[in-house]
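Novice: See input_2.cif below, with mmCIF, C-alpha atoms and all ligand atoms.
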data_entry
#
loop_
_atom_site.label_atom_id
_atom_site.label_comp_id
_atom_site.auth_asym_id
_atom_site.auth_seq_id
_atom_site.Cartn_x
_atom_site.Cartn_y
_atom_site.Cartn_z
CA MET A 1 -111.34 31.84 -113.10
CA GLU A 2 -112.19 35.48 -112.62
CA ILE A 3 -110.91 36.85 -109.35
CA HIS A 4 -114.23 38.46 -108.38
CA ILE A 5 -116.10 35.16 -108.81
CA TRP A 6 -113.50 33.49 -106.65
CA LYS A 7 -113.94 36.19 -104.00
CA GLU A 8 -117.72 35.70 -103.92
CA ARG A 9 -117.41 31.93 -103.58
CA TRP A 10 -114.80 32.40 -100.86
CA ALA A 11 -116.89 34.91 -98.88
CA ALA A 12 -119.99 32.68 -99.07
CA ALA A 13 -118.06 29.60 -97.93
CA LEU A 14 -116.47 31.56 -95.09
CA ARG A 15 -119.87 32.77 -93.83
CA GLU A 16 -121.20 29.21 -94.05
CA GLN A 17 -118.29 27.85 -91.98
CA HIS A 18 -118.71 30.68 -89.47
CA GLN A 19 -122.34 29.61 -89.01
CA VAL A 20 -121.27 26.02 -88.36
CA LEU A 21 -118.90 27.02 -85.56
CA PHE A 22 -120.57 30.03 -83.92
CA ASP A 23 -123.70 30.55 -81.88
CA ALA A 24 -125.22 33.66 -83.47
CA LYS A 25 -127.18 34.63 -80.36
CA ALA A 26 -124.24 34.51 -77.98
CA LYS A 27 -121.80 35.73 -80.66
CA SER A 28 -119.32 33.12 -79.50
CA LEU A 29 -118.05 29.66 -80.47
CA LYS A 30 -120.56 26.88 -79.80
CA PRO A 31 -119.78 24.89 -76.62
CA GLU A 32 -118.77 21.79 -78.62
CA PHE A 33 -116.14 23.81 -80.54
CA VAL A 34 -114.64 26.01 -77.83
CA GLU A 35 -111.67 25.81 -75.48
CA TYR A 36 -110.27 28.30 -72.95
CA ILE A 37 -106.53 28.41 -72.45
CA ASN A 38 -103.65 29.96 -70.52
CA CYS A 39 -100.87 31.69 -72.47
CA PRO A 40 -99.61 29.11 -75.03
CA VAL A 41 -96.01 30.26 -74.44
CA CYS A 42 -95.55 30.90 -70.68
CA ASP A 43 -98.77 29.33 -69.30
CA SER A 44 -99.76 32.49 -67.40
CA PRO A 45 -103.53 32.86 -66.89
CA ARG A 46 -103.27 36.69 -66.82
CA SER A 47 -104.12 38.53 -70.03
CA SER A 48 -105.61 41.77 -71.36
CA PHE A 49 -108.24 42.04 -74.08
CA LEU A 50 -106.74 43.33 -77.35
CA PHE A 51 -109.42 43.24 -80.05
CA GLU A 52 -112.21 41.19 -81.58
CA LYS A 53 -112.82 40.21 -85.22
CA ASP A 54 -115.73 38.17 -86.53
CA TRP A 55 -116.46 37.20 -82.88
CA PHE A 56 -112.97 35.74 -82.45
CA ARG A 57 -111.36 37.35 -79.35
CA TYR A 58 -107.68 38.18 -79.09
CA VAL A 59 -105.78 38.83 -75.87
CA GLN A 60 -102.23 39.68 -74.88
CA CYS A 61 -100.39 37.83 -72.12
CA ARG A 62 -99.56 40.19 -69.25
CA ASN A 63 -96.50 38.14 -68.38
CA CYS A 64 -94.70 37.51 -71.71
CA SER A 65 -96.71 39.72 -74.19
CA MET A 66 -97.81 36.82 -76.43
CA VAL A 67 -100.88 37.65 -78.56
CA TYR A 68 -103.31 34.74 -78.81
CA MET A 69 -106.93 33.84 -79.41
CA ASN A 70 -108.92 33.07 -76.26
CA PRO A 71 -111.31 31.34 -76.21
CA ARG A 72 -110.14 29.52 -79.29
CA MET A 73 -111.35 26.78 -81.63
CA ASN A 74 -110.74 23.27 -80.28
CA LEU A 75 -109.40 20.38 -82.35
CA ALA A 76 -112.85 19.40 -83.67
CA ALA A 77 -113.48 22.96 -84.88
CA THR A 78 -110.06 23.19 -86.51
CA HIS A 79 -110.60 19.89 -88.35
CA SER A 80 -113.99 21.12 -89.45
CA PHE A 81 -112.40 24.23 -90.98
CA TYR A 82 -109.54 22.41 -92.72
CA ASN A 83 -112.08 20.05 -94.31
CA SER A 84 -114.51 22.83 -95.24
CA ASN A 85 -115.46 24.26 -98.57
CA ALA A 86 -113.81 27.53 -97.53
CA ASN A 87 -110.44 25.85 -97.11
CA ALA A 88 -110.71 24.11 -100.50
CA ILE A 89 -111.53 27.42 -102.19
CA TYR A 90 -108.65 29.13 -100.39
CA ASN A 91 -106.20 26.50 -101.62
CA GLU A 92 -107.38 27.00 -105.21
CA ALA A 93 -106.20 30.58 -105.04
CA LYS A 94 -103.03 29.98 -103.09
CA PHE A 95 -101.75 27.15 -105.20
CA LYS A 96 -103.37 27.47 -108.60
CA GLU A 97 -105.41 30.32 -109.80
CA VAL A 98 -103.55 33.46 -108.85
CA PRO A 99 -100.34 33.01 -110.79
CA GLY A 100 -98.59 36.07 -109.33
CA GLU A 101 -98.82 34.71 -105.84
CA ILE A 102 -97.01 31.47 -106.59
CA HIS A 103 -94.27 33.46 -108.22
CA ILE A 104 -93.75 35.64 -105.14
CA ASP A 105 -93.80 32.62 -102.81
CA ASP A 106 -91.16 30.90 -104.90
CA GLN A 107 -88.97 33.97 -104.93
CA ILE A 108 -89.15 34.37 -101.17
CA ASN A 109 -88.46 30.68 -100.59
CA HIS A 110 -85.47 30.71 -102.92
CA GLY A 111 -84.06 33.81 -101.22
CA ASN A 112 -84.43 32.14 -97.83
CA MET A 113 -82.72 29.01 -99.09
CA GLU A 114 -79.72 30.94 -100.42
CA MET A 115 -79.43 32.77 -97.12
CA LEU A 116 -79.64 29.59 -95.05
CA ASP A 117 -77.03 27.90 -97.21
CA GLN A 118 -74.67 30.83 -96.81
CA TYR A 119 -75.29 30.83 -93.10
CA ARG A 120 -74.23 27.16 -92.98
CA ASN A 121 -71.09 27.88 -95.00
CA HIS A 122 -72.53 25.74 -97.82
CA GLN A 123 -72.36 22.66 -95.64
CA LYS A 124 -75.14 20.23 -96.69
CA GLY A 125 -77.06 17.64 -94.69
CA VAL A 126 -80.57 16.37 -93.98
CA PHE A 127 -83.29 18.98 -94.53
CA LEU A 128 -86.95 18.92 -93.44
CA GLU A 129 -89.62 21.36 -94.54
CA ILE A 130 -92.83 21.41 -92.50
CA GLY A 131 -95.68 22.56 -94.76
CA SER A 132 -93.83 21.87 -98.01
CA ALA A 133 -96.80 22.64 -100.33
CA LYS A 134 -95.91 21.70 -103.91
CA GLY A 135 -92.24 21.21 -103.08
CA ALA A 136 -90.72 24.28 -104.74
CA LEU A 137 -88.34 24.97 -101.87
CA LEU A 138 -87.42 21.31 -101.41
CA SER A 139 -86.55 20.92 -105.06
CA LYS A 140 -84.20 23.90 -104.70
CA ALA A 141 -82.72 22.35 -101.52
CA ARG A 142 -82.13 19.06 -103.33
CA GLU A 143 -80.51 20.89 -106.23
CA MET A 144 -78.13 22.45 -103.70
CA GLY A 145 -77.16 19.01 -102.38
CA TYR A 146 -79.40 18.44 -99.35
CA GLU A 147 -81.14 15.17 -98.57
CA ILE A 148 -84.78 16.29 -98.40
CA TYR A 149 -87.90 15.43 -96.38
CA GLY A 150 -91.28 17.18 -96.44
CA LEU A 151 -94.51 17.15 -94.45
CA GLU A 152 -97.63 18.40 -96.22
CA LEU A 153 -101.20 18.01 -94.95
CA ASN A 154 -102.91 19.00 -98.19
CA GLN A 155 -103.27 15.71 -100.05
CA VAL A 156 -103.35 17.11 -103.59
CA ASN A 157 -100.19 19.17 -103.07
CA CYS A 158 -98.47 16.32 -101.30
CA GLU A 159 -99.11 13.89 -104.17
CA TYR A 160 -97.89 16.45 -106.67
CA ALA A 161 -94.65 16.88 -104.71
CA ARG A 162 -94.19 13.12 -104.25
CA ARG A 163 -94.34 12.58 -107.99
CA LYS A 164 -91.68 15.23 -108.47
CA LEU A 165 -89.44 14.59 -105.45
CA GLY A 166 -90.07 11.04 -104.23
CA ASP A 167 -91.54 9.30 -101.22
CA THR A 168 -89.78 11.29 -98.50
CA ILE A 169 -92.64 13.79 -98.88
CA LEU A 170 -95.25 12.64 -96.35
CA ASN A 171 -98.97 13.42 -96.05
CA MET A 172 -99.04 13.69 -92.24
CA ASP A 173 -98.33 16.06 -89.39
CA LEU A 174 -95.14 16.25 -87.35
CA SER A 175 -96.26 14.09 -84.43
CA GLU A 176 -97.49 11.33 -86.77
CA ALA A 177 -94.19 11.24 -88.67
CA ARG A 178 -92.20 9.99 -85.63
CA PHE A 179 -88.80 10.81 -87.06
CA GLU A 180 -85.83 9.46 -85.13
CA ALA A 181 -84.07 11.75 -82.64
CA GLY A 182 -81.36 14.01 -84.05
CA LYS A 183 -82.15 13.19 -87.69
CA PHE A 184 -82.11 16.68 -89.23
CA ASP A 185 -79.50 19.36 -89.82
CA VAL A 186 -82.08 21.96 -90.83
CA VAL A 187 -85.83 22.24 -90.15
CA TYR A 188 -87.57 24.91 -92.24
CA MET A 189 -91.08 26.33 -91.88
CA ARG A 190 -92.60 29.34 -93.52
CA ASP A 191 -96.08 30.64 -92.56
CA VAL A 192 -96.59 27.62 -90.30
CA ILE A 193 -95.99 28.54 -86.65
CA GLU A 194 -98.98 30.94 -86.51
CA HIS A 195 -101.23 27.92 -87.32
CA ILE A 196 -99.87 25.76 -84.50
CA ALA A 197 -102.20 25.72 -81.50
CA ASN A 198 -99.70 24.29 -78.99
CA PRO A 199 -96.32 25.74 -79.95
CA ASN A 200 -94.41 24.36 -76.95
CA SER A 201 -95.12 20.71 -77.68
CA PHE A 202 -94.58 21.36 -81.40
CA LEU A 203 -91.17 23.04 -80.91
CA HIS A 204 -90.22 20.37 -78.39
CA GLU A 205 -90.76 17.73 -81.09
CA VAL A 206 -88.84 19.79 -83.69
CA SER A 207 -85.98 20.11 -81.21
CA ARG A 208 -86.00 16.35 -80.54
CA ILE A 209 -85.56 15.45 -84.22
CA THR A 210 -82.85 18.09 -84.81
CA LYS A 211 -79.14 17.33 -84.40
CA PRO A 212 -77.33 19.20 -81.62
CA GLY A 213 -75.98 22.30 -83.37
CA GLY A 214 -78.63 21.96 -86.11
CA LEU A 215 -80.77 24.88 -87.27
CA ILE A 216 -84.41 25.83 -87.27
CA PHE A 217 -85.67 28.49 -89.69
CA LEU A 218 -89.05 30.12 -89.09
CA GLU A 219 -90.85 32.81 -91.03
CA THR A 220 -94.06 34.37 -89.71
CA HIS A 221 -95.75 37.77 -89.53
CA ASN A 222 -94.64 40.13 -86.75
CA ILE A 223 -97.60 41.22 -84.62
CA GLU A 224 -95.49 44.13 -83.30
CA SER A 225 -94.86 45.42 -86.83
CA TRP A 226 -95.89 48.94 -87.78
CA ILE A 227 -98.48 47.68 -90.25
CA ASN A 228 -100.05 45.30 -87.72
CA ARG A 229 -100.05 47.95 -85.00
CA PHE A 230 -101.76 50.35 -87.37
CA ALA A 231 -104.29 48.05 -89.05
CA ARG A 232 -104.98 45.98 -85.91
CA GLU A 233 -107.90 43.58 -86.44
CA ARG A 234 -108.39 44.85 -90.00
CA HIS A 235 -105.09 43.28 -91.07
CA VAL A 236 -105.36 40.28 -93.37
CA VAL A 237 -103.36 37.98 -91.02
CA ILE A 238 -105.94 38.34 -88.24
CA PHE A 239 -107.87 35.29 -89.35
CA GLY A 240 -109.40 33.29 -86.52
CA PHE A 241 -110.11 30.11 -88.46
CA GLU A 242 -106.43 29.51 -89.13
CA HIS A 243 -104.23 31.67 -86.90
CA PRO A 244 -104.64 31.11 -83.15
CA ASN A 245 -101.23 32.66 -82.35
CA HIS A 246 -99.51 35.90 -83.35
CA TRP A 247 -95.78 36.19 -82.70
CA SER A 248 -93.27 38.95 -82.06
CA PRO A 249 -89.46 38.71 -82.01
CA LYS A 250 -89.65 38.59 -78.21
CA THR A 251 -92.28 35.85 -77.84
CA LEU A 252 -90.83 33.67 -80.60
CA GLY A 253 -87.38 33.98 -79.02
CA LEU A 254 -88.86 32.94 -75.68
CA ALA A 255 -90.67 29.90 -77.10
CA LEU A 256 -87.48 28.83 -78.91
CA SER A 257 -85.27 29.20 -75.84
CA GLN A 258 -87.75 27.17 -73.76
CA ASN A 259 -87.22 24.34 -76.23
CA GLY A 260 -83.46 24.24 -76.40
CA TYR A 261 -82.70 26.82 -79.10
CA VAL A 262 -80.54 29.93 -79.17
CA VAL A 263 -81.63 32.59 -81.67
CA GLN A 264 -78.76 33.43 -84.02
CA LYS A 265 -80.30 35.91 -86.37
CA THR A 266 -83.61 37.74 -86.87
CA MET A 267 -84.33 39.46 -90.18
CA TYR A 268 -87.33 41.42 -91.35
CA ALA A 269 -89.16 41.90 -94.64
CA SER A 270 -91.88 44.49 -95.18
CA LEU A 271 -93.69 43.98 -98.45
CA ASP A 272 -96.84 45.62 -97.07
CA CYS A 273 -95.39 48.35 -94.85
CA THR A 274 -96.16 51.54 -96.75
CA LEU A 275 -98.40 54.53 -96.06
CA ALA A 276 -100.45 53.44 -99.06
CA ASP A 277 -101.08 50.05 -97.44
CA MET A 278 -102.00 51.71 -94.16
CA LEU A 279 -104.49 54.03 -95.84
CA ASP A 280 -105.86 51.16 -97.84
CA TYR A 281 -106.57 49.19 -94.65
CA MET A 282 -108.65 52.16 -93.53
CA VAL A 283 -110.96 51.96 -96.55
CA THR A 284 -110.90 48.36 -97.81
CA PRO A 285 -111.66 45.39 -95.53
CA SER A 286 -109.29 42.46 -96.06
CA PHE A 287 -110.54 39.30 -97.77
CA THR A 288 -110.19 37.32 -94.53
CA ALA A 289 -112.99 39.28 -92.82
CA VAL A 290 -116.26 37.36 -92.47
CA PHE A 291 -118.20 40.51 -91.58
CA PRO A 292 -116.31 43.37 -93.23
CA GLN A 293 -116.61 46.33 -90.85
CA PRO A 294 -117.82 49.52 -92.50
CA VAL A 295 -115.52 52.48 -91.96
CA GLY A 296 -116.95 55.73 -90.60
CA ARG A 297 -117.75 58.33 -93.30
CA VAL A 298 -115.24 60.88 -92.08
CA LYS A 299 -112.41 58.39 -91.72
CA ARG A 300 -113.13 57.01 -95.15
CA LEU A 301 -113.16 60.46 -96.72
CA VAL A 302 -109.87 61.42 -95.09
CA ALA A 303 -108.22 58.19 -96.21
CA LYS A 304 -109.48 58.61 -99.77
CA ARG A 305 -108.25 62.22 -99.96
CA LEU A 306 -104.85 61.19 -98.64
CA LEU A 307 -104.64 58.34 -101.12
CA ALA A 308 -105.47 60.70 -104.00
CA MET A 309 -102.84 63.20 -102.82
CA TYR A 310 -100.40 60.40 -102.37
CA ARG A 311 -100.83 59.30 -105.98
CA ARG A 312 -100.30 62.84 -107.24
CA PHE A 313 -96.92 63.37 -105.57
CA ARG A 314 -94.48 60.86 -106.93
CA VAL A 315 -91.74 61.81 -104.47
CA VAL A 316 -93.92 60.78 -101.56
CA SER A 317 -94.83 57.43 -103.04
CA LEU A 318 -91.23 56.80 -104.01
CA PHE A 319 -90.02 57.54 -100.49
CA ASP A 320 -92.86 55.49 -99.09
CA ARG A 321 -92.16 52.37 -101.09
CA LYS A 322 -88.42 52.59 -100.88
CA TYR A 323 -87.63 53.84 -97.39
CA LEU A 324 -90.56 53.17 -95.07
CA PRO A 325 -90.17 49.37 -95.31
CA ARG A 326 -86.43 49.74 -94.65
CA LEU A 327 -87.05 51.95 -91.64
CA ALA A 328 -89.54 49.43 -90.28
CA ASN A 329 -87.02 46.62 -90.72
CA TYR A 330 -84.28 48.68 -89.06
CA PHE A 331 -86.42 49.31 -85.98
CA ARG A 332 -87.45 45.63 -85.78
CA LYS A 333 -90.99 46.60 -86.75
CA GLY A 334 -90.95 44.87 -90.13
CA SER A 335 -94.09 43.05 -91.29
CA VAL A 336 -92.55 39.59 -91.48
CA MET A 337 -89.74 38.13 -89.42
CA LYS A 338 -87.32 35.38 -90.38
CA VAL A 339 -85.59 33.71 -87.47
CA ILE A 340 -82.62 31.36 -87.53
CA ALA A 341 -81.97 29.54 -84.25
CA ARG A 342 -79.42 26.88 -83.31
CA LYS A 343 -80.18 23.88 -81.18
CA SER A 344 -77.86 23.86 -78.17
CA ASP A 345 -75.23 21.11 -78.04
ZN ZN B 1 -97.28 34.46 -71.72
#
Write out the structure in this file as structure tokens.

Specialist:
Amino acid sequence: MEIHIWKERWAAALREQHQVLFDAKAKSLKPEFVEYINCPVCDSPRSSFLFEKDWFRYVQCRNCSMVYMNPRMNLAATHSFYNSNANAIYNEAKFKEVPGEIHIDDQINHGNMEMLDQYRNHQKGVFLEIGSAKGALLSKAREMGYEIYGLELNQVNCEYARRKLGDTILNMDLSEARFEAGKFDVVYMRDVIEHIANPNSFLHEVSRITKPGGLIFLETHNIESWINRFARERHVVIFGFEHPNHWSPKTLGLALSQNGYVVQKTMYASLDCTLADMLDYMVTPSFTAVFPQPVGRVKRLVAKRLLAMYRRFRVVSLFDRKYLPRLANYFRKGSVMKVIARKSD
């Protein structure tokens, strides 16, 4: 399918779902879909307003610096979104119709797997992936000698993976699975923790099913990254329907330590940390915006001029693509962080 047709269908479905959940007069979530919370990491009630996008409000905890949505969608609202047309259309693109994307996901997953295996000195064991999609990573893990388990909520993807990898791929969430204590050597999750509304109870359960000395691997965007600081609410990851929580190295480390883990290693990757990306965020709203915010004429003009200049001078773009991401990673301001933590003995 043509990408622009997909984008139109997606935008229409997103607006429709927004109407279901929001009261247009009050510009806030309808009473039956709303909940107010304390900080999901440290439980402090004190926070400062950060920004708003599509009537979703984001705050920062004044005690631990966690960035979270408040008020946020309650369980009923979240279920409504995951069963909506918008979610079905999103999954088409993520898992089927944009071939390039699958390729990049596979590459990243394989790189992570190699790194984890090296970190464990090639020692194998029992491996769980939470959010295993079509099972690309798990099939690599099995190839390397791990005994594999997967949890995948999307039924179509789960069935696909079961046919390929067997019945240890389950169509349920972590709390439903009720794995026995200390079962796993490694628990892996990529682009998952930002979806989890109550990270403390989630990580507590992950810790329970992990062997003492076992590892957890998490990959998520870094809200303290240069690109997120610059683009703020315009960034594609600021997506209220799916991401109630936005992590930094500090807050993720804190949540892990509260649940019996010691962080061993934090790495960064910055696919979208270039000047070109920053300028682009100034002129083009991301596809996750329900009401794309028009940019002021002057700002837009400046960004366009800079982009044109940027394209003319190859040295600049070369430096930009090659060194800016590395600098960001070096200063712990990379776009995405990958954390390995060990469960205490
Ligand atoms: Zn806090």

Novice: Distance table requested - chain A against ligand ZN 1 (chain B), cut-off 9 Å, only C-alpha atoms and all ligand atoms: one row per qualifying residue with the closest atom pair and its distance in Å to one decimal, ordered by chain and rising residue number, as a tab-separated table.

Specialist:
residue	atom	partner	partner_atom	distance
A:Asn38	CA	B:ZN1	ZN	7.9
A:Cys39	CA	B:ZN1	ZN	4.6
A:Pro40	CA	B:ZN1	ZN	6.7
A:Val41	CA	B:ZN1	ZN	5.2
A:Cys42	CA	B:ZN1	ZN	4.1
A:Asp43	CA	B:ZN1	ZN	5.9
A:Ser44	CA	B:ZN1	ZN	5.4
A:Pro45	CA	B:ZN1	ZN	8.1
A:Arg46	CA	B:ZN1	ZN	8.1
A:Ser47	CA	B:ZN1	ZN	8.1
A:Gln60	CA	B:ZN1	ZN	7.9
A:Cys61	CA	B:ZN1	ZN	4.6
A:Arg62	CA	B:ZN1	ZN	6.6
A:Asn63	CA	B:ZN1	ZN	5.0
A:Cys64	CA	B:ZN1	ZN	4.0
A:Ser65	CA	B:ZN1	ZN	5.8
A:Met66	CA	B:ZN1	ZN	5.3
A:Val67	CA	B:ZN1	ZN	8.4
A:Thr251	CA	B:ZN1	ZN	8.0

Novice: For a quick check of your reading of the model, name the residues lying within 9 Å of the coordinate (-111.3, 19.3, -77.7), counting all atoms listed in the file, and write them as an NGL selection string.

Specialist: :A and (32-35 or 73-77)

Novice: What does the distance between atom CA of A:Ala255 and atom CA of A:Leu203 come to in Å, to one decimal place?

Specialist: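 For atom CA of A:Ala255 relative to atom CA of A:Leu203, the distance reads 7.9 Å.
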
Novice: Nearest residue to A:Lys333 out of A:Asp345, A:Glu224, A:Asp280, A:Glu92, using all atoms listed in the file?

Specialist: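 With all atoms listed in the file as the atom set, the closest residue is A:Glu224.
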
Novice: Leaving out A:Leu174 and any residue of its chain fewer than 6 positions from it, which residues lie within 10 Å of it when counting only C-alpha atoms, given as a ChimeraX atom specification?

Specialist: /A:130-131,150-153,202,205-206

Novice: Could you please determine the separation between atom CA of A:Asn222 and atom CA of A:Glu194 in Å, to one decimal place?

Specialist: 10.2 Å

Novice: Separation of atom CA of A:Asp23 and atom CA of A:Ile89, in Å?

Specialist: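 These two atoms are separated by 23.9 Å.
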
Novice: Would you kindly return, as a list of chain:residue names, each protein, DNA or RNA residue with an atom no farther than 7 Å from any atom of A:Cys158, considering all atoms listed in the file and excluding same-chain residues fewer than 5 positions away?

Specialist: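 Counting all atoms listed in the file, the residues come to A:Ala133, A:Lys134, A:Glu152, A:Ile169, A:Leu170, A:Asn171.
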
Novice: From the set A:Val59, A:Val236, A:Val263, A:Ala141, which residue has the shortest atom-to-atom contact distance to A:Pro71, counting all atoms listed in the file?

Specialist: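 The closest residue to A:Pro71 is A:Val59.
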
Novice: Can you pull out every residue within 10 Å of A:Met144, counting only C-alpha atoms, but drop anything in the same chain fewer than 3 positions away, and send it as a VMD selection string?

Specialist: chain A and resid 113 to 114 117 122 to 124 138 to 141 147

Novice: Please determine, counting all atoms listed in the file, which residue among A:Phe287, A:Phe217, A:Phe241, A:Tyr310 has the shortest atom-to-atom distance to A:Gln264.

Specialist: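 Of A:Phe287, A:Phe217, A:Phe241, A:Tyr310, the one nearest A:Gln264 is A:Phe217, counting all atoms listed in the file.
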